[in-house]
Structures are given as structure tokens and as C-alpha cells.
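Visitor: Sharing a structure, written as C-alpha cells. Questions coming.
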Amino acid sequence: MPTFWKTILFLTILLSACNLEKEIDIDLPGYTSQPVVECYLEPGKPYRLLLTRSAAYFATFDLDDPAAALWNGATVTIRVDGQDILLDNQVYFDPVTLQFSNYGSNEIVPEGPDRTFQLYIELENGLIISGETRILPVVPMDSLVVETNAQNKARVITYFTEDQSTHNYYRRTVNFGSRDSVLQDFLVDDGFFDTPKGAFGTGFSFEPGDTLIHTLVHMDEPYFNYLNTLLQSISANLNPFGQPGLIISTVSGTANPIGVFTGLSMDRDTLILP
Amino acid sequence: MHQHLRVWIAGFYLLSLLPVLQAQRTVTGTIRDGANGETLIGATVRVAGTENGTFTNAYGFYSVDLTADSGQLVVTYVGFQDLVIDIHPGIVNPVQVDLSSGTLLEEVVVKSNSFREQLGSTQMGVQELTMREAKLIPVVFGEVDIIKTLQLKPGINSGSEGNSGLFVRGGSGDQNLFILDEAVVYNPNHLFGFFSTFNSDAIKDVKIFKGGFPAQYGGRLSSVIDVKLNEGNNQKFSGTGGIGLISSRLTLEAPIEKGKSSMILSGRRTYADLITRSINKANEGNESYTPIPDYYFYDLNAKVNFTLSEKDKLFVSGYFGQDRFGFDNENFNFNFNWGNATGTARWNRLISSRLFANTTFTYSDYKYQISNALTGFSFNLESRIRDMNLKSDFTYSASNDHHLRFGGEITRHLFTVGRLKAGSDDGEISFSAGQDLEAWESGAYIQDDWQINDRSSVSAGLRLSGFLQDGKPYGAVEPRVAYNYRVTPLLSVKANYARMVQYLHLVANSSISLPTDIWYPSTAGVRPQVSDQVGVGWQYLIGSQFLLSNEYYYKYLDNQIDFKNFADLFANDELEREFTFGKGYAYGTEVYLEKKEGRLTGWVGYTLAFVRRGAFDDIMGGRYFSPRYDRRHDISIVTIYEITPRLSVTAAWIYGSGDLSWLPVGRLPFQDIPGGQPQPVVPVYGDRNNLRQPAYHRLDLGMVIGFKPKWGESDLTISVYNVYNRRNPYFLYLDAETKTNTDLGIEEVVGIKAKQVSLFPILPSLTYNFKF
């Protein structure tokens, strides 16, 4: 499929070259801002949560006050093992992962697939956001196999083995050179797997010395649905054949939130091509 | 009381059949074009000096009663010279009649009723298209396309620019029955709907029914597009063809046995791939060059017919068309092919002077296949529908006032839905999905076209349909009735009602026709779609050359299918879990002024339409919404002016209210996990189809210059599509402008703009056509 859609993209660009695209004025229906939650619980890492607000599509951007998009003033609690962990409302920034958060705690996320984590947020206006998740076991990558063609170009195939007794969802990304350069990003539902062995491959695009960061995320169904519908919403805006839809959140509540509260189980490996 | 009423009606009906007993003689036979032996559909056969008469049916057959042993019949057909036939006692049936065309240079005109005959007909909601209109009216890239020409008629919406989809009277794109020589065509499009599969050189007759459906048709809710292929010249070897910007085509016809049997072979192929291959070859070795994938499509039509006896005729026809998209190199082999194949074997039998039978076996196959092979791995996805249909249709002319049609059919449907097979060549890794389904569909009908008196006529029919899938049966009674009252010789009023039931459903998540759209049967969990349509209207003959029609319709739709939020329709073992069911309604009015004869011909059409769908559990909490094709106003003005017999000019102006778009109302930022893909703007969608696009309009001009070389005829067709270069909307999207924050290394959004993408600017084209 990629080549096919690349051709469509090529035709779209060709049309753009014919000046067949223009800016127009439209009036969209009114929209009420919603709170947006992003919280990934990674075992061994401190609790972090990003609470922002959505905006009307044409709302102006205040570049001088990027914090205007943050939703502060809420009381955020995560309950695990019968203990409530209160997250402080302050800005956290990790220069390695480039991750922002406006709520966090120095408490460390415990391991264990049997633990249930419950999110409870009370906004300053009394409205509630809640969610519940577990941290799935990591599905490790079995091997990264490098193959080279006659032109001395290499591809990498990622092999993994999955538990066929359960319904699993995966996300596989390949970053080229550094984490902020995403080369491939696939979401997979294992419902079509006939064999326990799975594989993802790249094209013959790489040369000796290239650095590739491979990540395999083991997701639960709510997180898979959230990410899948979010990516499809982005795609539908740009694709004349696409069908828009509503983002399926993993959180709910009287605040009518959008967002994700999930465990993050991932295996990551960096490979420098020989 | 009610029983007495029924007895009275039955008695009245039987009395109306009495003229059968009074007839002295029945004359029967077929009407043909004398030049090539093609049977003529809808030719008038009238008893001289009276208003009594009949029309030839879809196979050119007629049956007419004389009150004496001898008399005269007058045979008329637009574009041909009238013919008076003396019937004397010695003449025996069948009486074959060959008409001569009125003007040698005139394009073969295939047209049914004259205006006066239309006034007297019960039929409403039907549009006919002459091949002359289709060939003269300019279309994009100069490619003659009967579906695009039909879109210029009132009540028929294209869905989007350049698309061959049909949205008829508020019906969705899957509610149209395309029939090619009696066989169903499941995907009548090439290249995402920019071209239809019908090659106009091979076509004899096209009719589209939008309402008032005759009982012989069933299986779709909103329209029937009945396309009949030429039978082939049984007098001499002949050919037609053309060379255009996109494709070339050639049709050859020849008698197998002069006057008795003939064959026709017609082909069309695009040739953009030949150019792109040359470009790719010229860039071989250039590492920075990305090769252009191959794409082409082709159509092949073939038909032979044999006259087995004076009363028996056999026809065998077939269609095969494919779109092929491919991209190959040493490490990567990608192919995406789709297409239809149909076959028809038809036997016409004149059982008696009053009874004509047509028995048909058809085969129809639509398939798409995507295959991708990478070193050591492969991927295959296929969907398919195959039909085998057997049917018999009978026409019984009880008298000049009663024409009965009855028949039955049975179809076996075989479905392959989203059959996925992928994995490694060594079998260690394997993925699969898909369903294979089977269903049986049947139908039986009877209809009487009854001329009650000089002013009134009625067509009353009943269709019984049934469907069986995996032990789950469905059945329906589908009444059809149409009434015509001639108020004055120039004015008639009409009314009709039709129930239609649809047992097959198109799984398509877009208003644009895609090859990956697949058909799915009714099952225990998917009930058949149902529509009830009523129509009223009037027709007024202005002078002798203009016919003004006005129709009003209301259509109620039940068991409508839509798809849940972000439904996965591509490869899914439980596809129907993605369905959601609701209702709909549509209403509107169509005004149509037409001129068919003289040097200036054409029409003006206006449609005012409304359509709503709702009560879907999974869409907007069951609230009603407008589908994308809910176009409020549609205007088309089409003119053809014949300056000289060898020079014609054409103009078509089209205006339509903008279609609806479903645009996001909000946006949110998405940071993603470490190493993921942060998105500064994620669209948040609200209610469906929340914005009307700018209006659509364009002007097309064309000119046909005819030549008369020694070997036959030829013409040069020059057309200009979208003359005033209107940028019509194809789709809208919202574009976020971003800039990189160098301090933080992240993308920041600085503004949002709404963008409109158009498809076709002004497009001149040139086509050379020939005929020998």
C-alpha cells in the first residue's frame, strides 16, 4: 500500500503545482474547549502527567504564552496498591526525552502487570476526569536482523514472539539517528497472527554506520484505540478518501475529557549498522 | 363490502381483456435498423387511421392487434423514415420491419418515445440518453462517458468533481443497479471513478430509472441503469474508433451470416503507462530519481448473435475490464489490480403471436487484489463478488390495451470479503483474515401496462423477492404502480409508488468510489435495505418541440447502513460488527425542459433536493444529519447546435450547491511517548458534515467537425472543459502552519488556514473519431 498512497500524494503535489489549491474563508461551528490528558506510566520512572486544553480550530496561538494551553490548578491523584499519590502542579521538562509535564511526583511507578492504577482528577471548577489502567508485560524483540542487497543497501527486520493465548496490540517505531526522527510507526492488532512469531521490516534504505532505534510497545486495547483514532483523525483531515471520526479516549468523566491514561511497556534497542 | 369491491375490480379487469376476443388478427415481429440489422427499442407500431398501437420492447419485439384480416401499420422511430406496411391476408408472422435512417450523415440516433408518446406513458422518473448526446457533449479529457452525461440530468448527483458515482434522489452510491446486457456490474468505474467502465462505441441504449420502477427490476433502492450493447452489423463489415488524449478505442462489427447473425468486438485502453515507462527508462541509473508506477485500464466488449429460426435468436456477450497499477524493482513488487468480468447468454423465443420470451444466464465477477512482495516476505489482500443468474422474462400482448410482463429469476452470490494472506516465504511468520460467504437471491414479478381509455393508463405490478444466507431467509412483497391521466392532448399528470428492497450492501467509507469498496450480503445480523418512493408530476407539450416536465418525490429509507467510528473495513473477520443501522428520507422536485428535434437540441434541468439520515445508534446519538451529497440546488443547461450536417457545437453549464464536508471543530496538542511522533495539532471532529463547500459551477464547450473521406466518415472533436477555469472544490482541509522552536527543539503552531483543493482547471482536449 505505501507505494500506492505515495502515488496519490505525488498526484496531489502535482495538482498543487497547477495552483489547484487555495486558501478560503470558512465559518466552523462553535466548539467548547475540553481538558486533554496524557499520562504514560513507565515502571521505574517517576509519575508524570500532562493536562492541557483543546481549542477551537481557528483559535489564535499565543506564542508569547505557551503555558496558556496548559490546564493548571487541578488536583491530580493516582491510586495504586491502596495508596493515593498526589501529583504536584508544576512544569517538568526532560531534556533527554523532550517530554513536558505539568503534574508530577518523585514517587516511582512500580512494576507488575497485576497492579491497577486509577487516575482521579478534580478540576478547579469541580468537574471530574477518571481513568484506570494496568502495565502490561514487556514483549521483547527477539532479534534485529540486518540484510544487505546487491547495491550494499541494508534493511532491518525486527522479530518478536507473542503470547497467542491473549489478544495483543503492538506499536513498532523506528527512529533514524535520534529519537525525534521517526522513520516508521506501525500499529498492529494480533488478531490476524497465525503464528506466534511476528516481524516488522524496513526497506533497503540504509548504509553502514546508520543508527536505528527500534521500539516495540505492547499496548492494551484502550490505548491502541486512542492512538489509532487520534492518528486517523489527523489523516482524515488531509486525505480526500478518508473518513473522519471521534477520538476514543481512555479517560472519562464529567469534564468531558479527551486523552490517554495508560501503562507503557516497551522494549527499545539501538542498532548501528555494520 | 371490501370483498364486493375486490370482486368488482376483478370483474372490471377481466372485462377489459375482452378486446382480445374481438381481435381478428395479431401481427408480430421485430423492428430493425435496415442499415445494420440492429433491433430498435421503443419504436412505435400503430394501426393506420387509429390511435391503437404499441411499442417495441427491449428486444425490438412488437405485437399489435388488427380488427380486420387486413390493414395498414405505421412504423415510426425518431431519426428514421416512417414506414407504412400493408398487411394482407397472405402475410404470416413474424413480420420483420427494416427502417431506413432519415439522413445518411446523421449519427445513429437511439431514442425511444417521442414527446407525445411520453405524455401518454405512465413512466415517470426515467431518463434516457442517446448515444448522439453522449458523444457530442464535452466531458473531461474528451473521454465520452455515459455516466457523466447522465449526471447532467435532474435528480442525479455525481458526489464529487469528475466522479462517475451516482447519488440518485437522495440515495447513496451503493443503491444503484448497473446492468450491462442483463448482467450486473458491481463496480462501474475506472481510476477512482474518473471514468466509467462503459465504452460508448459498443452501447446501443441507456436508460436510468429514478423512480416508478417497473416490476422486472429489483435489488437496489434508488436507481436502475440499464445499458444494452449493440448487436453487431449483420449487413456488412464496419468499424468505429477514436484516438484521444487518455485512451484509444476500436470497435469492429461484421456479419457472420448476412442478415441473420453478426458479431461485434470493442476495445479501449489508456496509454499513460507507455509514457511513464519511457520516462522511467530514460532515468535508469539516476539514484535521485523515483520511478513513476505503471497505471492503465482497458475494456473489452464482445457480442455475437445468431438467428436460429424465424422465432428463435441467440445472443452471447461479454465484458472484461481491468485497472492495473504496478510498481516493480528488484527488492519490491507491488501490484494493485481490479476489474469486472460479465458474461451473458440470452435466448429470445417468439412463442406465439402474443407471447415473447427472453431467457438469460449471466455471470458477473468483480475482484480487487493487492499484492506486495518484498525479499523473503509477501502480502496479498483480495475481495471478490461473483454472481450466477438465471432468469426468464415474458411479454404477453393480451390486446393493444393490455401488455403483460412477467418472469422470475434466481441468483447465486459468492463473496470473498477481505481475504488477507501475508507472511514470510518460509512460513515461519503468517497472518490471515477474511470471510467467504454465499447467498441466494430470487425474484418473481408480474406487471400489466393497461390503457384504460384514451385519457387514462396504469401500470400495476408486483414483485416478490427472497434472499437466503446461511439459513437466514428474508422475503418481501414489492408493489409497483404508476398512473397517467391525459388532461388535454398537451398536458398529462402522473403519479407512482414503488417499494424496493436491497439485499446486498456496499462496504464503502467514502463518498468517492474506490476499488476497495466491497459488497456484503444481508445476514442474520444485517437486514435488507428498504425504500418506499412516491412521485407525482405533470408534463406539458409546448408547441411540438419542447416538453416541460415537473416531478415531486418523497422517498423513505429503512435499514440504512453506515459505519461505526473509524471502522476497519479493509481486512476484518467480523465486518458486520462495524455496521450501524438507521433510517433516512429524501424529498425534492425536478423540473426538466427538453428539446429533442431540430438543429438546436438540448435540455434545461433544475433540482431542489433534501436528504437526511439518522437513527443510527452509533452516530451522533441517533440524531439526523445530512450526508455529504445533500446538494440543495442543481442546474444543468445543455445545448447541441447543428450548424451544418458536418459541424456541430455544444455547450453545457452546470451549477450545484456545494457538497458537505466534515471538518474538525477543535484541535488538541499530542506529545506522544518518548521517541514517538508529537503532533502540535490533532483535529477534533464534532457532528458529521458540518460545513457546506463553495458552490460548484463550470462551462464546457465543444465542437465536432465531420469529414467524409472515401473510406467512411470521421470527425475531430474539440472540447474545452471548465472554460472559465473555475476552481471548484474537490475537498477541503485545515492546514496548520508551524515553525521550529530552536530553544526547545519542538514544532510550534503559528496559525491555521482552511485550504480548498480543486481537481480540474481549464482542460482542452482533442479526439479524432472514425467510422467505416
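Identifiers for the C-alpha cells are assigned positionally: chains receive A, B, ... in sequence, residues are indexed from 1 per chain, and ligands are indexed from 1 in the order shown.
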Do you know which residues are at most 6 Å from stretch 176-181 of chain A counting only C-alpha atoms, after dropping those on the same chain fewer than 4 positions away, and could you put them as number ranges by chain?

Guide: A: 211-212; B: 675

Visitor: How would you write, as a PyMOL selection string, the set of residues in stretch 445-553 of chain B that DSSP gives as strand (DSSP E or B)?

Guide: chain B and resi 445-451+456-469+472-488+491-502+504-507+518-521+529-542+546-553

Visitor: Can I get the selected residues back with C-alpha atoms, as a PDB file, in the first residue's frame?

Guide:
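Here's the written file selection30.pdb:
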```pdb
ATOM      1  CA  TYR B 445     -42.873 -10.421 -10.933  1.00  0.00           C
ATOM      2  CA  ILE B 446     -45.935  -9.612 -12.958  1.00  0.00           C
ATOM      3  CA  GLN B 447     -46.955  -6.249 -14.382  1.00  0.00           C
ATOM      4  CA  ASP B 448     -49.735  -5.089 -16.647  1.00  0.00           C
ATOM      5  CA  ASP B 449     -49.479  -1.932 -18.732  1.00  0.00           C
ATOM      6  CA  TRP B 450     -53.143  -1.137 -19.223  1.00  0.00           C
ATOM      7  CA  GLN B 451     -54.516   1.595 -21.468  1.00  0.00           C
ATOM      8  CA  SER B 456     -56.001   7.073 -18.637  1.00  0.00           C
ATOM      9  CA  SER B 457     -53.430   4.354 -18.354  1.00  0.00           C
ATOM     10  CA  VAL B 458     -51.985   2.431 -15.474  1.00  0.00           C
ATOM     11  CA  SER B 459     -49.021   0.171 -14.926  1.00  0.00           C
ATOM     12  CA  ALA B 460     -49.594  -2.077 -11.963  1.00  0.00           C
ATOM     13  CA  GLY B 461     -47.152  -4.700 -10.873  1.00  0.00           C
ATOM     14  CA  LEU B 462     -45.982  -6.830  -8.028  1.00  0.00           C
ATOM     15  CA  ARG B 463     -42.542  -8.201  -7.331  1.00  0.00           C
ATOM     16  CA  LEU B 464     -41.852 -10.937  -4.802  1.00  0.00           C
ATOM     17  CA  SER B 465     -38.256 -11.160  -3.712  1.00  0.00           C
ATOM     18  CA  GLY B 466     -36.385 -13.525  -1.448  1.00  0.00           C
ATOM     19  CA  PHE B 467     -32.916 -13.954  -0.040  1.00  0.00           C
ATOM     20  CA  LEU B 468     -31.183 -16.777   1.810  1.00  0.00           C
ATOM     21  CA  GLN B 469     -27.839 -16.552   3.570  1.00  0.00           C
ATOM     22  CA  LYS B 472     -31.435 -16.986   7.360  1.00  0.00           C
ATOM     23  CA  PRO B 473     -34.289 -16.235   4.936  1.00  0.00           C
ATOM     24  CA  TYR B 474     -35.709 -12.846   4.009  1.00  0.00           C
ATOM     25  CA  GLY B 475     -38.684 -12.144   1.798  1.00  0.00           C
ATOM     26  CA  ALA B 476     -40.516  -9.073   0.597  1.00  0.00           C
ATOM     27  CA  VAL B 477     -43.537  -8.015  -1.366  1.00  0.00           C
ATOM     28  CA  GLU B 478     -42.711  -5.056  -3.582  1.00  0.00           C
ATOM     29  CA  PRO B 479     -45.767  -3.358  -5.105  1.00  0.00           C
ATOM     30  CA  ARG B 480     -45.267  -1.025  -8.053  1.00  0.00           C
ATOM     31  CA  VAL B 481     -47.952   1.167  -9.541  1.00  0.00           C
ATOM     32  CA  ALA B 482     -47.931   4.108 -11.949  1.00  0.00           C
ATOM     33  CA  TYR B 483     -50.861   6.086 -13.300  1.00  0.00           C
ATOM     34  CA  ASN B 484     -51.149   8.587 -16.125  1.00  0.00           C
ATOM     35  CA  TYR B 485     -54.075  10.880 -16.922  1.00  0.00           C
ATOM     36  CA  ARG B 486     -54.135  12.891 -20.124  1.00  0.00           C
ATOM     37  CA  VAL B 487     -55.863  16.132 -19.093  1.00  0.00           C
ATOM     38  CA  THR B 488     -55.589  17.595 -22.586  1.00  0.00           C
ATOM     39  CA  LEU B 491     -50.955  18.025 -20.691  1.00  0.00           C
ATOM     40  CA  SER B 492     -50.749  14.886 -18.622  1.00  0.00           C
ATOM     41  CA  VAL B 493     -50.493  14.281 -14.901  1.00  0.00           C
ATOM     42  CA  LYS B 494     -48.835  11.237 -13.385  1.00  0.00           C
ATOM     43  CA  ALA B 495     -48.326   9.500 -10.090  1.00  0.00           C
ATOM     44  CA  ASN B 496     -46.453   6.431  -8.962  1.00  0.00           C
ATOM     45  CA  TYR B 497     -45.403   4.374  -5.993  1.00  0.00           C
ATOM     46  CA  ALA B 498     -42.657   1.776  -5.724  1.00  0.00           C
ATOM     47  CA  ARG B 499     -41.207  -0.280  -2.929  1.00  0.00           C
ATOM     48  CA  MET B 500     -37.662  -1.510  -3.469  1.00  0.00           C
ATOM     49  CA  VAL B 501     -35.643  -3.947  -1.381  1.00  0.00           C
ATOM     50  CA  GLN B 502     -31.858  -4.264  -1.443  1.00  0.00           C
ATOM     51  CA  LEU B 504     -26.564  -6.559  -0.979  1.00  0.00           C
ATOM     52  CA  HIS B 505     -24.673  -3.695   0.625  1.00  0.00           C
ATOM     53  CA  LEU B 506     -21.570  -1.846  -0.418  1.00  0.00           C
ATOM     54  CA  VAL B 507     -18.940  -1.533   2.264  1.00  0.00           C
ATOM     55  CA  ILE B 518     -16.687  -4.350  -1.370  1.00  0.00           C
ATOM     56  CA  TRP B 519     -20.152  -5.905  -1.330  1.00  0.00           C
ATOM     57  CA  TYR B 520     -21.631  -7.696   1.645  1.00  0.00           C
ATOM     58  CA  PRO B 521     -24.844  -9.747   1.818  1.00  0.00           C
ATOM     59  CA  GLN B 529     -32.471  -2.121   2.995  1.00  0.00           C
ATOM     60  CA  VAL B 530     -35.955  -0.951   2.042  1.00  0.00           C
ATOM     61  CA  SER B 531     -37.262   2.141   0.283  1.00  0.00           C
ATOM     62  CA  ASP B 532     -40.756   3.418  -0.424  1.00  0.00           C
ATOM     63  CA  GLN B 533     -40.951   6.151  -3.017  1.00  0.00           C
ATOM     64  CA  VAL B 534     -43.958   8.132  -4.162  1.00  0.00           C
ATOM     65  CA  GLY B 535     -43.892  10.566  -7.023  1.00  0.00           C
ATOM     66  CA  VAL B 536     -46.350  12.926  -8.671  1.00  0.00           C
ATOM     67  CA  GLY B 537     -45.776  15.117 -11.666  1.00  0.00           C
ATOM     68  CA  TRP B 538     -47.005  16.609 -14.860  1.00  0.00           C
ATOM     69  CA  GLN B 539     -45.777  17.024 -18.413  1.00  0.00           C
ATOM     70  CA  TYR B 540     -46.758  19.755 -20.814  1.00  0.00           C
ATOM     71  CA  LEU B 541     -46.007  19.847 -24.501  1.00  0.00           C
ATOM     72  CA  ILE B 542     -45.089  23.369 -25.594  1.00  0.00           C
ATOM     73  CA  PHE B 546     -40.488  21.368 -26.203  1.00  0.00           C
ATOM     74  CA  LEU B 547     -41.544  19.068 -23.406  1.00  0.00           C
ATOM     75  CA  LEU B 548     -41.726  20.544 -19.915  1.00  0.00           C
ATOM     76  CA  SER B 549     -41.782  18.062 -17.035  1.00  0.00           C
ATOM     77  CA  ASN B 550     -42.060  18.594 -13.328  1.00  0.00           C
ATOM     78  CA  GLU B 551     -41.888  15.827 -10.764  1.00  0.00           C
ATOM     79  CA  TYR B 552     -42.109  15.775  -6.972  1.00  0.00           C
ATOM     80  CA  TYR B 553     -40.887  12.805  -4.961  1.00  0.00           C
TER      81      TYR B 553
END
```

Visitor: What are the closest atom pairs, with distances in Å to one decimal, for all residues of chain B lying within 6 Å of chain A? Consider only C-alpha atoms, order rows by chain and residue number, and present the result as CSV.

Guide:
```
residue,atom,partner,partner_atom,distance
B:Ile429,CA,A:Lys197,CA,5.6
B:Ser430,CA,A:Asp194,CA,5.3
B:Phe431,CA,A:Phe193,CA,4.5
B:Ser432,CA,A:Phe192,CA,5.1
B:Ala433,CA,A:Phe192,CA,5.7
B:Ser510,CA,A:Phe241,CA,5.8
B:Asn565,CA,A:Gly245,CA,5.3
B:Phe566,CA,A:Gly245,CA,5.7
B:Val665,CA,A:Tyr57,CA,5.5
B:Gly666,CA,A:Ala56,CA,4.2
B:Arg667,CA,A:Tyr57,CA,5.3
B:Leu668,CA,A:Ser54,CA,4.4
B:Pro674,CA,A:Thr97,CA,5.4
B:Gly675,CA,A:Arg179,CA,4.5
B:Val682,CA,A:Ile234,CA,5.8
B:Tyr685,CA,A:Leu246,CA,5.9
B:Tyr733,CA,A:Asn237,CA,5.5
B:Ala754,CA,A:Ile24,CA,5.6
B:Lys755,CA,A:Glu23,CA,4.5
B:Gln756,CA,A:Lys22,CA,5.4
B:Val757,CA,A:Glu21,CA,4.4
B:Ser758,CA,A:Leu20,CA,5.0
```

Visitor: Work out how far apart atom CA of A:Tyr120 and atom CA of A:Lys45 are and give it in Å to one decimal.

Guide: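 So the two atoms, atom CA of A:Tyr120 and atom CA of A:Lys45, lie 19.8 Å apart.
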
Visitor: Please give the complete set of residues from stretch 253-343 of chain B that DSSP, run on the backbone, assigns to helix (DSSP H, G or I), formatted as a ChimeraX atom specification.

Guide: /B:272-282

Visitor: Could you please take those selected residues and save all heavy atoms as a PDB file, in the first residue's frame?

Guide:
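The resulting file, result-v2.pdb, is reproduced below:
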```pdb
ATOM      1  N   ALA B 272      -1.207   6.063 -20.650  1.00  0.00           N
ATOM      2  CA  ALA B 272      -0.292   6.880 -19.836  1.00  0.00           C
ATOM      3  C   ALA B 272       0.921   6.061 -19.403  1.00  0.00           C
ATOM      4  O   ALA B 272       2.028   6.590 -19.256  1.00  0.00           O
ATOM      5  CB  ALA B 272      -1.019   7.417 -18.608  1.00  0.00           C
ATOM      6  N   ASP B 273       0.727   4.749 -19.200  1.00  0.00           N
ATOM      7  CA  ASP B 273       1.831   3.901 -18.738  1.00  0.00           C
ATOM      8  C   ASP B 273       2.960   3.817 -19.769  1.00  0.00           C
ATOM      9  O   ASP B 273       4.123   3.637 -19.403  1.00  0.00           O
ATOM     10  CB  ASP B 273       1.325   2.503 -18.389  1.00  0.00           C
ATOM     11  CG  ASP B 273       0.655   1.821 -19.560  1.00  0.00           C
ATOM     12  OD1 ASP B 273      -0.247   2.443 -20.154  1.00  0.00           O
ATOM     13  OD2 ASP B 273       1.040   0.687 -19.889  1.00  0.00           O
ATOM     14  N   LEU B 274       2.613   3.923 -21.039  1.00  0.00           N
ATOM     15  CA  LEU B 274       3.659   3.845 -22.061  1.00  0.00           C
ATOM     16  C   LEU B 274       4.598   5.052 -21.932  1.00  0.00           C
ATOM     17  O   LEU B 274       5.808   4.948 -22.118  1.00  0.00           O
ATOM     18  CB  LEU B 274       3.033   3.814 -23.466  1.00  0.00           C
ATOM     19  CG  LEU B 274       2.017   2.688 -23.701  1.00  0.00           C
ATOM     20  CD1 LEU B 274       1.420   2.776 -25.093  1.00  0.00           C
ATOM     21  CD2 LEU B 274       2.691   1.324 -23.506  1.00  0.00           C
ATOM     22  N   ILE B 275       4.005   6.195 -21.580  1.00  0.00           N
ATOM     23  CA  ILE B 275       4.812   7.417 -21.415  1.00  0.00           C
ATOM     24  C   ILE B 275       5.641   7.325 -20.135  1.00  0.00           C
ATOM     25  O   ILE B 275       6.837   7.609 -20.130  1.00  0.00           O
ATOM     26  CB  ILE B 275       3.882   8.650 -21.376  1.00  0.00           C
ATOM     27  CG1 ILE B 275       3.114   8.748 -22.701  1.00  0.00           C
ATOM     28  CG2 ILE B 275       4.659   9.930 -21.116  1.00  0.00           C
ATOM     29  CD1 ILE B 275       1.884   9.628 -22.643  1.00  0.00           C
ATOM     30  N   THR B 276       4.997   6.891 -19.054  1.00  0.00           N
ATOM     31  CA  THR B 276       5.736   6.850 -17.779  1.00  0.00           C
ATOM     32  C   THR B 276       6.855   5.811 -17.828  1.00  0.00           C
ATOM     33  O   THR B 276       7.915   6.016 -17.251  1.00  0.00           O
ATOM     34  CB  THR B 276       4.794   6.548 -16.594  1.00  0.00           C
ATOM     35  OG1 THR B 276       4.084   5.345 -16.862  1.00  0.00           O
ATOM     36  CG2 THR B 276       3.816   7.681 -16.364  1.00  0.00           C
ATOM     37  N   ARG B 277       6.648   4.715 -18.560  1.00  0.00           N
ATOM     38  CA  ARG B 277       7.725   3.716 -18.688  1.00  0.00           C
ATOM     39  C   ARG B 277       8.929   4.309 -19.418  1.00  0.00           C
ATOM     40  O   ARG B 277      10.085   4.048 -19.071  1.00  0.00           O
ATOM     41  CB  ARG B 277       7.219   2.490 -19.453  1.00  0.00           C
ATOM     42  CG  ARG B 277       6.494   1.511 -18.569  1.00  0.00           C
ATOM     43  CD  ARG B 277       5.993   0.327 -19.342  1.00  0.00           C
ATOM     44  NE  ARG B 277       4.853  -0.264 -18.664  1.00  0.00           N
ATOM     45  CZ  ARG B 277       4.069  -1.186 -19.191  1.00  0.00           C
ATOM     46  NH1 ARG B 277       4.282  -1.626 -20.415  1.00  0.00           N
ATOM     47  NH2 ARG B 277       3.072  -1.685 -18.503  1.00  0.00           N
ATOM     48  N   SER B 278       8.632   5.122 -20.453  1.00  0.00           N
ATOM     49  CA  SER B 278       9.734   5.751 -21.199  1.00  0.00           C
ATOM     50  C   SER B 278      10.505   6.713 -20.295  1.00  0.00           C
ATOM     51  O   SER B 278      11.733   6.768 -20.338  1.00  0.00           O
ATOM     52  CB  SER B 278       9.184   6.529 -22.399  1.00  0.00           C
ATOM     53  OG  SER B 278       8.483   5.658 -23.228  1.00  0.00           O
ATOM     54  N   ILE B 279       9.752   7.447 -19.461  1.00  0.00           N
ATOM     55  CA  ILE B 279      10.426   8.387 -18.546  1.00  0.00           C
ATOM     56  C   ILE B 279      11.291   7.607 -17.559  1.00  0.00           C
ATOM     57  O   ILE B 279      12.436   7.956 -17.292  1.00  0.00           O
ATOM     58  CB  ILE B 279       9.376   9.251 -17.794  1.00  0.00           C
ATOM     59  CG1 ILE B 279       8.611  10.120 -18.784  1.00  0.00           C
ATOM     60  CG2 ILE B 279      10.043  10.112 -16.735  1.00  0.00           C
ATOM     61  CD1 ILE B 279       7.402  10.820 -18.197  1.00  0.00           C
ATOM     62  N   ASN B 280      10.734   6.506 -17.042  1.00  0.00           N
ATOM     63  CA  ASN B 280      11.496   5.686 -16.090  1.00  0.00           C
ATOM     64  C   ASN B 280      12.753   5.131 -16.737  1.00  0.00           C
ATOM     65  O   ASN B 280      13.825   5.099 -16.138  1.00  0.00           O
ATOM     66  CB  ASN B 280      10.643   4.530 -15.564  1.00  0.00           C
ATOM     67  CG  ASN B 280       9.541   5.010 -14.644  1.00  0.00           C
ATOM     68  OD1 ASN B 280       9.572   6.138 -14.176  1.00  0.00           O
ATOM     69  ND2 ASN B 280       8.564   4.155 -14.386  1.00  0.00           N
ATOM     70  N   LYS B 281      12.621   4.701 -18.003  1.00  0.00           N
ATOM     71  CA  LYS B 281      13.769   4.107 -18.689  1.00  0.00           C
ATOM     72  C   LYS B 281      14.857   5.154 -18.921  1.00  0.00           C
ATOM     73  O   LYS B 281      16.050   4.885 -18.758  1.00  0.00           O
ATOM     74  CB  LYS B 281      13.310   3.512 -20.029  1.00  0.00           C
ATOM     75  CG  LYS B 281      14.328   2.564 -20.627  1.00  0.00           C
ATOM     76  CD  LYS B 281      13.733   1.738 -21.737  1.00  0.00           C
ATOM     77  CE  LYS B 281      14.795   0.742 -22.207  1.00  0.00           C
ATOM     78  NZ  LYS B 281      14.329  -0.069 -23.317  1.00  0.00           N
ATOM     79  N   ALA B 282      14.415   6.363 -19.256  1.00  0.00           N
ATOM     80  CA  ALA B 282      15.386   7.435 -19.507  1.00  0.00           C
ATOM     81  C   ALA B 282      16.144   7.814 -18.243  1.00  0.00           C
ATOM     82  O   ALA B 282      17.239   8.371 -18.307  1.00  0.00           O
ATOM     83  CB  ALA B 282      14.661   8.658 -20.077  1.00  0.00           C
TER      84      ALA B 282
END
```

Visitor: Report the distance between atom CA of B:Val27 and atom CA of B:Gln235 in Å, rounded to one decimal place.

Guide: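 For atom CA of B:Val27 relative to atom CA of B:Gln235, the distance reads 25.3 Å.
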
Visitor: Tell me, in Å to one decimal, how far atom CA of B:Tyr592 is from atom CA of B:Leu691.

Guide: 29.2 Å
